[in-house]
$ cat data-v9.cif   # mmCIF, C-alpha atoms
data_final
loop_
_atom_site.group_PDB
_atom_site.id
_atom_site.type_symbol
_atom_site.label_atom_id
_atom_site.label_comp_id
_atom_site.auth_asym_id
_atom_site.auth_seq_id
_atom_site.Cartn_x
_atom_site.Cartn_y
_atom_site.Cartn_z
ATOM 1 C CA GLN Q 239 -8.473 -76.732 -46.808
ATOM 2 C CA VAL Q 240 -10.212 -73.531 -47.846
ATOM 3 C CA GLN Q 241 -9.680 -70.686 -45.439
ATOM 4 C CA LEU Q 242 -11.432 -67.439 -46.102
ATOM 5 C CA GLN Q 243 -12.262 -64.885 -43.465
ATOM 6 C CA GLU Q 244 -14.224 -61.776 -44.334
ATOM 7 C CA SER Q 245 -14.575 -58.769 -42.043
ATOM 8 C CA GLY Q 246 -15.501 -55.109 -41.999
ATOM 9 C CA GLY Q 247 -19.229 -55.249 -42.519
ATOM 10 C CA GLY Q 248 -21.652 -53.164 -40.543
ATOM 11 C CA LEU Q 249 -24.546 -50.733 -40.586
ATOM 12 C CA VAL Q 250 -24.179 -47.607 -42.690
ATOM 13 C CA GLN Q 251 -26.452 -44.909 -44.035
ATOM 14 C CA VAL Q 252 -27.270 -44.476 -47.702
ATOM 15 C CA GLY Q 253 -24.416 -42.714 -49.441
ATOM 16 C CA GLU Q 254 -21.789 -43.684 -46.905
ATOM 17 C CA SER Q 255 -18.701 -45.824 -47.439
ATOM 18 C CA LEU Q 256 -17.386 -49.069 -46.041
ATOM 19 C CA THR Q 257 -14.279 -51.164 -46.616
ATOM 20 C CA LEU Q 258 -14.360 -54.932 -46.407
ATOM 21 C CA SER Q 259 -11.353 -57.152 -45.848
ATOM 22 C CA CYS Q 260 -10.712 -60.781 -46.654
ATOM 23 C CA ALA Q 261 -7.903 -62.953 -45.388
ATOM 24 C CA ALA Q 262 -7.303 -65.907 -47.678
ATOM 25 C CA SER Q 263 -5.061 -68.895 -47.183
ATOM 26 C CA GLY Q 264 -2.133 -69.067 -49.549
ATOM 27 C CA ASN Q 265 -3.399 -72.015 -51.531
ATOM 28 C CA ILE Q 266 -6.466 -70.009 -52.487
ATOM 29 C CA PHE Q 267 -4.830 -66.669 -53.052
ATOM 30 C CA THR Q 268 -1.443 -67.218 -54.642
ATOM 31 C CA GLY Q 269 -1.517 -66.711 -58.382
ATOM 32 C CA ASN Q 270 -5.291 -66.833 -58.588
ATOM 33 C CA ALA Q 271 -7.849 -64.281 -59.584
ATOM 34 C CA MET Q 272 -9.916 -63.303 -56.566
ATOM 35 C CA ALA Q 273 -13.343 -61.788 -56.236
ATOM 36 C CA TRP Q 274 -16.046 -60.494 -53.974
ATOM 37 C CA TYR Q 275 -19.563 -61.840 -54.074
ATOM 38 C CA ARG Q 276 -22.718 -60.967 -52.182
ATOM 39 C CA GLN Q 277 -26.006 -62.556 -51.289
ATOM 40 C CA ALA Q 278 -29.052 -60.599 -50.265
ATOM 41 C CA PRO Q 279 -31.949 -62.268 -48.431
ATOM 42 C CA GLY Q 280 -34.026 -64.335 -50.801
ATOM 43 C CA LYS Q 281 -31.656 -63.788 -53.696
ATOM 44 C CA ASP Q 282 -28.922 -65.789 -55.370
ATOM 45 C CA ARG Q 283 -25.293 -65.091 -54.632
ATOM 46 C CA GLU Q 284 -23.853 -62.701 -57.190
ATOM 47 C CA TRP Q 285 -20.425 -61.512 -58.242
ATOM 48 C CA VAL Q 286 -19.585 -57.856 -57.450
ATOM 49 C CA ALA Q 287 -15.869 -57.409 -58.115
ATOM 50 C CA GLY Q 288 -12.917 -59.358 -59.452
ATOM 51 C CA ILE Q 289 -9.178 -58.881 -59.611
ATOM 52 C CA TYR Q 290 -6.636 -60.882 -61.610
ATOM 53 C CA SER Q 291 -3.175 -61.656 -60.320
ATOM 54 C CA SER Q 292 -1.977 -59.016 -62.803
ATOM 55 C CA GLY Q 293 -4.033 -56.427 -60.968
ATOM 56 C CA THR Q 294 -6.615 -56.021 -63.705
ATOM 57 C CA VAL Q 295 -10.060 -55.526 -62.212
ATOM 58 C CA ASN Q 296 -13.631 -55.778 -63.382
ATOM 59 C CA TYR Q 297 -17.064 -55.047 -61.970
ATOM 60 C CA PRO Q 298 -20.680 -55.536 -62.953
ATOM 61 C CA ASP Q 299 -22.530 -52.395 -63.957
ATOM 62 C CA SER Q 300 -24.449 -52.377 -60.683
ATOM 63 C CA VAL Q 301 -21.347 -51.389 -58.698
ATOM 64 C CA LYS Q 302 -18.998 -49.977 -61.332
ATOM 65 C CA GLY Q 303 -17.715 -46.583 -60.296
ATOM 66 C CA ARG Q 304 -18.679 -47.121 -56.656
ATOM 67 C CA PHE Q 305 -16.770 -50.251 -55.599
ATOM 68 C CA THR Q 306 -13.028 -50.811 -55.783
ATOM 69 C CA ILE Q 307 -11.336 -54.161 -55.275
ATOM 70 C CA SER Q 308 -7.677 -54.432 -54.346
ATOM 71 C CA ARG Q 309 -5.249 -57.040 -53.130
ATOM 72 C CA ASP Q 310 -2.205 -57.147 -50.881
ATOM 73 C CA VAL Q 311 -0.113 -60.007 -52.196
ATOM 74 C CA ALA Q 312 2.334 -59.966 -49.303
ATOM 75 C CA ARG Q 313 -0.466 -60.412 -46.793
ATOM 76 C CA ASN Q 314 -2.833 -62.620 -48.835
ATOM 77 C CA MET Q 315 -5.540 -60.021 -48.343
ATOM 78 C CA ILE Q 316 -8.370 -58.812 -50.555
ATOM 79 C CA TYR Q 317 -10.225 -55.558 -49.959
ATOM 80 C CA LEU Q 318 -13.440 -54.039 -51.217
ATOM 81 C CA GLN Q 319 -13.885 -50.300 -50.895
ATOM 82 C CA MET Q 320 -17.567 -49.480 -51.239
ATOM 83 C CA ASN Q 321 -18.661 -45.902 -51.765
ATOM 84 C CA SER Q 322 -22.051 -44.283 -52.258
ATOM 85 C CA LEU Q 323 -23.792 -47.277 -50.774
ATOM 86 C CA LYS Q 324 -27.392 -47.913 -51.733
ATOM 87 C CA PRO Q 325 -30.106 -49.961 -50.008
ATOM 88 C CA GLU Q 326 -29.739 -52.600 -52.733
ATOM 89 C CA ASP Q 327 -26.116 -53.124 -51.690
ATOM 90 C CA ALA Q 328 -27.255 -54.638 -48.416
ATOM 91 C CA ALA Q 329 -26.175 -58.282 -48.325
ATOM 92 C CA VAL Q 330 -23.716 -60.712 -46.862
ATOM 93 C CA TYR Q 331 -20.429 -60.263 -48.682
ATOM 94 C CA TYR Q 332 -18.003 -63.092 -49.387
ATOM 95 C CA CYS Q 333 -14.612 -63.381 -51.006
ATOM 96 C CA ASN Q 334 -13.352 -66.339 -52.965
ATOM 97 C CA GLN Q 335 -11.480 -67.238 -56.103
ATOM 98 C CA TRP Q 336 -12.873 -65.612 -59.233
ATOM 99 C CA GLN Q 337 -14.603 -68.517 -60.900
ATOM 100 C CA ALA Q 338 -18.075 -69.526 -61.951
ATOM 101 C CA LEU Q 339 -20.197 -69.694 -58.834
ATOM 102 C CA SER Q 340 -21.118 -73.279 -59.601
ATOM 103 C CA LEU Q 341 -17.457 -74.258 -59.182
ATOM 104 C CA LEU Q 342 -17.050 -72.682 -55.750
ATOM 105 C CA THR Q 343 -17.978 -75.065 -52.969
ATOM 106 C CA ASP Q 344 -16.151 -73.739 -49.907
ATOM 107 C CA TRP Q 345 -16.928 -70.334 -48.462
ATOM 108 C CA GLY Q 346 -16.121 -68.274 -45.422
ATOM 109 C CA GLN Q 347 -18.774 -66.993 -43.052
ATOM 110 C CA GLY Q 348 -19.139 -63.710 -44.913
ATOM 111 C CA THR Q 349 -19.599 -60.238 -43.498
ATOM 112 C CA ARG Q 350 -22.979 -58.517 -43.389
ATOM 113 C CA VAL Q 351 -23.511 -55.055 -44.817
ATOM 114 C CA THR Q 352 -26.688 -53.235 -43.877
ATOM 115 C CA VAL Q 353 -27.596 -49.984 -45.593
ATOM 116 C CA SER Q 354 -30.162 -47.856 -43.845
ATOM 117 C CA SER Q 355 -32.192 -45.159 -45.531
#
$ encode --input "data-v9.cif" --output "structure tokens"
Amino acid sequence: QVQLQESGGGLVQVGESLTLSCAASGNIFTGNAMAWYRQAPGKDREWVAGIYSSGTVNYPDSVKGRFTISRDVARNMIYLQMNSLKPEDAAVYYCNQWQALSLLTDWGQGTRVTVSS
């Protein structure tokens, strides 16, 4: 059974920072690459950060240099540090394994990030 629980979202001003957390069940987390995704109203869900079990990370250009993904293996936790937030970062953020979106069928409830200008 997939268990993913995201938290840490909220309302911030443009330019501010926010850190999201994700608690993942062991069967999802252990040995797997993990990622953060987001979905803005009226838009498709998109990938925003990924981390391999080795610790190697990658980001799309839209967030590179502003977002940082990390993982705590002992606690089965994934984090997303978001700096210099922009209005276009507003979305519901989800964590899951780092795979093609079409292969991911089970999701947590997500955590909403609102960026006010």
$ closest_residue --input "data-v9.cif" --among "Q:Gly293, Q:Gly303, Q:Gly247, Q:Gly264" --to "Q:Met315" --atoms "all atoms listed in the file"
Q:Gly264
$ residues_around --input "data-v9.cif" --residues "stretch 334-343 of chain Q" --least-positions-apart "5" --cutoff "8 Å" --atoms "all atoms listed in the file" --output "PyMOL selection string"
chain Q and resi 242+266-267+270-275+288-289
$ axis_aligned_box --input "data-v9.cif" --around "stretch 267-273 of chain Q" --padding-each-side "5 Å" --output "JSON"
{"center_x": -7.4, "center_y": -64.5, "center_z": -56.3, "size_x": 21.9, "size_y": 15.4, "size_z": 16.5}
$ closest_residue --input "data-v9.cif" --among "Q:Asn265, Q:Asn296, Q:Val353, Q:Ser259" --to "Q:Glu326" --atoms "only C-alpha atoms"
Q:Val353
$ closest_residue --input "data-v9.cif" --among "Q:Asp327, Q:Asp310, Q:Glu244, Q:Glu284" --to "Q:Ala261" --atoms "only C-alpha atoms"
Q:Glu244
$ residues_near_point --input "data-v9.cif" --point "(-21.1, -50.0, -42.1)" --cutoff "7 Å" --atoms "only C-alpha atoms" --output "list in words"
Gly247, Gly248, Leu249, Val250, Leu256, Val351 and Thr352 of chain Q
$ closest_residue --input "data-v9.cif" --among "Q:Gly253, Q:Pro279, Q:Gly269, Q:Gly348" --to "Q:Pro325" --atoms "only C-alpha atoms"
Q:Gly253
$ atom_distance --input "data-v9.cif" --atom1 "atom CA of Q:Ser263" --atom2 "atom CA of Q:Arg276"
20.0 Å
$ atom_distance --input "data-v9.cif" --atom1 "atom CA of Q:Cys260" --atom2 "atom CA of Q:Thr294"
18.2 Å
$ atom_distance --input "data-v9.cif" --atom1 "atom CA of Q:Gly346" --atom2 "atom CA of Q:Tyr332"
6.8 Å
$ residues_around --input "data-v9.cif" --residues "Q:Val295" --least-positions-apart "5" --cutoff "9 Å" --atoms "only C-alpha atoms" --output "ChimeraX atom specification"
/Q:287-290,306-308
$ closest_residue --input "data-v9.cif" --among "Q:Ala328, Q:Val286, Q:Met320, Q:Cys333" --to "Q:Glu254" --atoms "all atoms listed in the file"
Q:Met320
$ resolve_selection --input "data-v9.cif" --expression "the PyMOL selection byres ((chain Q and resi 277) around 6)" --output "list of chain:residue names"
Q:Arg276, Q:Ala278, Q:Asp282, Q:Arg283, Q:Ala329, Q:Val330
$ build_atoms --input "data-v9.cif" --residues "stretch 319-342 of chain Q" --atoms "N, CA, C and O atoms" --output "mmCIF file, keeping the file's coordinate frame"
data_model
loop_
_atom_site.group_PDB
_atom_site.id
_atom_site.type_symbol
_atom_site.label_atom_id
_atom_site.label_comp_id
_atom_site.auth_asym_id
_atom_site.auth_seq_id
_atom_site.Cartn_x
_atom_site.Cartn_y
_atom_site.Cartn_z
ATOM 1 N N GLN Q 319 -13.474 -51.643 -51.295
ATOM 2 C CA GLN Q 319 -13.885 -50.300 -50.895
ATOM 3 C C GLN Q 319 -15.225 -50.026 -51.552
ATOM 4 O O GLN Q 319 -15.335 -50.078 -52.777
ATOM 5 N N MET Q 320 -16.214 -49.723 -50.736
ATOM 6 C CA MET Q 320 -17.567 -49.480 -51.239
ATOM 7 C C MET Q 320 -17.974 -48.053 -50.913
ATOM 8 O O MET Q 320 -18.027 -47.678 -49.737
ATOM 9 N N ASN Q 321 -18.239 -47.288 -51.927
ATOM 10 C CA ASN Q 321 -18.661 -45.902 -51.765
ATOM 11 C C ASN Q 321 -20.088 -45.720 -52.248
ATOM 12 O O ASN Q 321 -20.613 -46.545 -52.994
ATOM 13 N N SER Q 322 -20.690 -44.635 -51.817
ATOM 14 C CA SER Q 322 -22.051 -44.283 -52.258
ATOM 15 C C SER Q 322 -22.998 -45.472 -52.138
ATOM 16 O O SER Q 322 -23.707 -45.833 -53.079
ATOM 17 N N LEU Q 323 -22.999 -46.065 -50.976
ATOM 18 C CA LEU Q 323 -23.792 -47.277 -50.774
ATOM 19 C C LEU Q 323 -25.282 -47.015 -50.916
ATOM 20 O O LEU Q 323 -25.788 -45.957 -50.519
ATOM 21 N N LYS Q 324 -25.960 -47.984 -51.485
ATOM 22 C CA LYS Q 324 -27.392 -47.913 -51.733
ATOM 23 C C LYS Q 324 -28.092 -49.022 -50.942
ATOM 24 O O LYS Q 324 -27.459 -50.020 -50.585
ATOM 25 N N PRO Q 325 -29.381 -48.894 -50.718
ATOM 26 C CA PRO Q 325 -30.106 -49.961 -50.008
ATOM 27 C C PRO Q 325 -29.949 -51.320 -50.684
ATOM 28 O O PRO Q 325 -29.883 -52.352 -49.998
ATOM 29 N N GLU Q 326 -29.868 -51.323 -52.011
ATOM 30 C CA GLU Q 326 -29.739 -52.600 -52.733
ATOM 31 C C GLU Q 326 -28.368 -53.238 -52.590
ATOM 32 O O GLU Q 326 -28.164 -54.360 -53.050
ATOM 33 N N ASP Q 327 -27.423 -52.536 -51.971
ATOM 34 C CA ASP Q 327 -26.116 -53.124 -51.690
ATOM 35 C C ASP Q 327 -26.131 -53.959 -50.413
ATOM 36 O O ASP Q 327 -25.145 -54.654 -50.118
ATOM 37 N N ALA Q 328 -27.176 -53.876 -49.660
ATOM 38 C CA ALA Q 328 -27.255 -54.638 -48.416
ATOM 39 C C ALA Q 328 -27.253 -56.132 -48.708
ATOM 40 O O ALA Q 328 -28.064 -56.621 -49.517
ATOM 41 N N ALA Q 329 -26.335 -56.846 -48.066
ATOM 42 C CA ALA Q 329 -26.175 -58.282 -48.325
ATOM 43 C C ALA Q 329 -25.083 -58.811 -47.408
ATOM 44 O O ALA Q 329 -24.409 -58.044 -46.715
ATOM 45 N N VAL Q 330 -24.898 -60.113 -47.458
ATOM 46 C CA VAL Q 330 -23.716 -60.712 -46.862
ATOM 47 C C VAL Q 330 -22.681 -60.820 -47.966
ATOM 48 O O VAL Q 330 -22.966 -61.331 -49.051
ATOM 49 N N TYR Q 331 -21.495 -60.311 -47.684
ATOM 50 C CA TYR Q 331 -20.429 -60.263 -48.682
ATOM 51 C C TYR Q 331 -19.398 -61.355 -48.397
ATOM 52 O O TYR Q 331 -19.007 -61.572 -47.239
ATOM 53 N N TYR Q 332 -18.954 -61.996 -49.466
ATOM 54 C CA TYR Q 332 -18.003 -63.092 -49.387
ATOM 55 C C TYR Q 332 -16.864 -62.843 -50.369
ATOM 56 O O TYR Q 332 -17.057 -62.240 -51.421
ATOM 57 N N CYS Q 333 -15.708 -63.364 -50.038
ATOM 58 C CA CYS Q 333 -14.612 -63.381 -51.006
ATOM 59 C C CYS Q 333 -14.321 -64.826 -51.368
ATOM 60 O O CYS Q 333 -14.628 -65.761 -50.614
ATOM 61 N N ASN Q 334 -13.726 -65.002 -52.521
ATOM 62 C CA ASN Q 334 -13.352 -66.339 -52.965
ATOM 63 C C ASN Q 334 -12.565 -66.193 -54.260
ATOM 64 O O ASN Q 334 -12.361 -65.083 -54.765
ATOM 65 N N GLN Q 335 -12.117 -67.294 -54.799
ATOM 66 C CA GLN Q 335 -11.480 -67.238 -56.103
ATOM 67 C C GLN Q 335 -12.501 -66.742 -57.122
ATOM 68 O O GLN Q 335 -13.710 -66.899 -56.949
ATOM 69 N N TRP Q 336 -11.998 -66.144 -58.194
ATOM 70 C CA TRP Q 336 -12.873 -65.612 -59.233
ATOM 71 C C TRP Q 336 -13.124 -66.724 -60.244
ATOM 72 O O TRP Q 336 -12.347 -66.928 -61.166
ATOM 73 N N GLN Q 337 -14.208 -67.422 -60.033
ATOM 74 C CA GLN Q 337 -14.603 -68.517 -60.900
ATOM 75 C C GLN Q 337 -16.124 -68.500 -61.026
ATOM 76 O O GLN Q 337 -16.796 -67.739 -60.340
ATOM 77 N N ALA Q 338 -16.626 -69.354 -61.881
ATOM 78 C CA ALA Q 338 -18.075 -69.526 -61.951
ATOM 79 C C ALA Q 338 -18.574 -69.967 -60.578
ATOM 80 O O ALA Q 338 -17.966 -70.816 -59.929
ATOM 81 N N LEU Q 339 -19.665 -69.389 -60.165
ATOM 82 C CA LEU Q 339 -20.197 -69.694 -58.834
ATOM 83 C C LEU Q 339 -20.443 -71.190 -58.647
ATOM 84 O O LEU Q 339 -20.278 -71.721 -57.550
ATOM 85 N N SER Q 340 -20.820 -71.853 -59.703
ATOM 86 C CA SER Q 340 -21.118 -73.279 -59.601
ATOM 87 C C SER Q 340 -19.886 -74.112 -59.256
ATOM 88 O O SER Q 340 -20.005 -75.245 -58.797
ATOM 89 N N LEU Q 341 -18.704 -73.538 -59.466
ATOM 90 C CA LEU Q 341 -17.457 -74.258 -59.182
ATOM 91 C C LEU Q 341 -16.939 -74.003 -57.769
ATOM 92 O O LEU Q 341 -16.012 -74.664 -57.324
ATOM 93 N N LEU Q 342 -17.520 -73.053 -57.087
ATOM 94 C CA LEU Q 342 -17.050 -72.682 -55.750
ATOM 95 C C LEU Q 342 -17.886 -73.405 -54.698
ATOM 96 O O LEU Q 342 -19.096 -73.198 -54.609
#
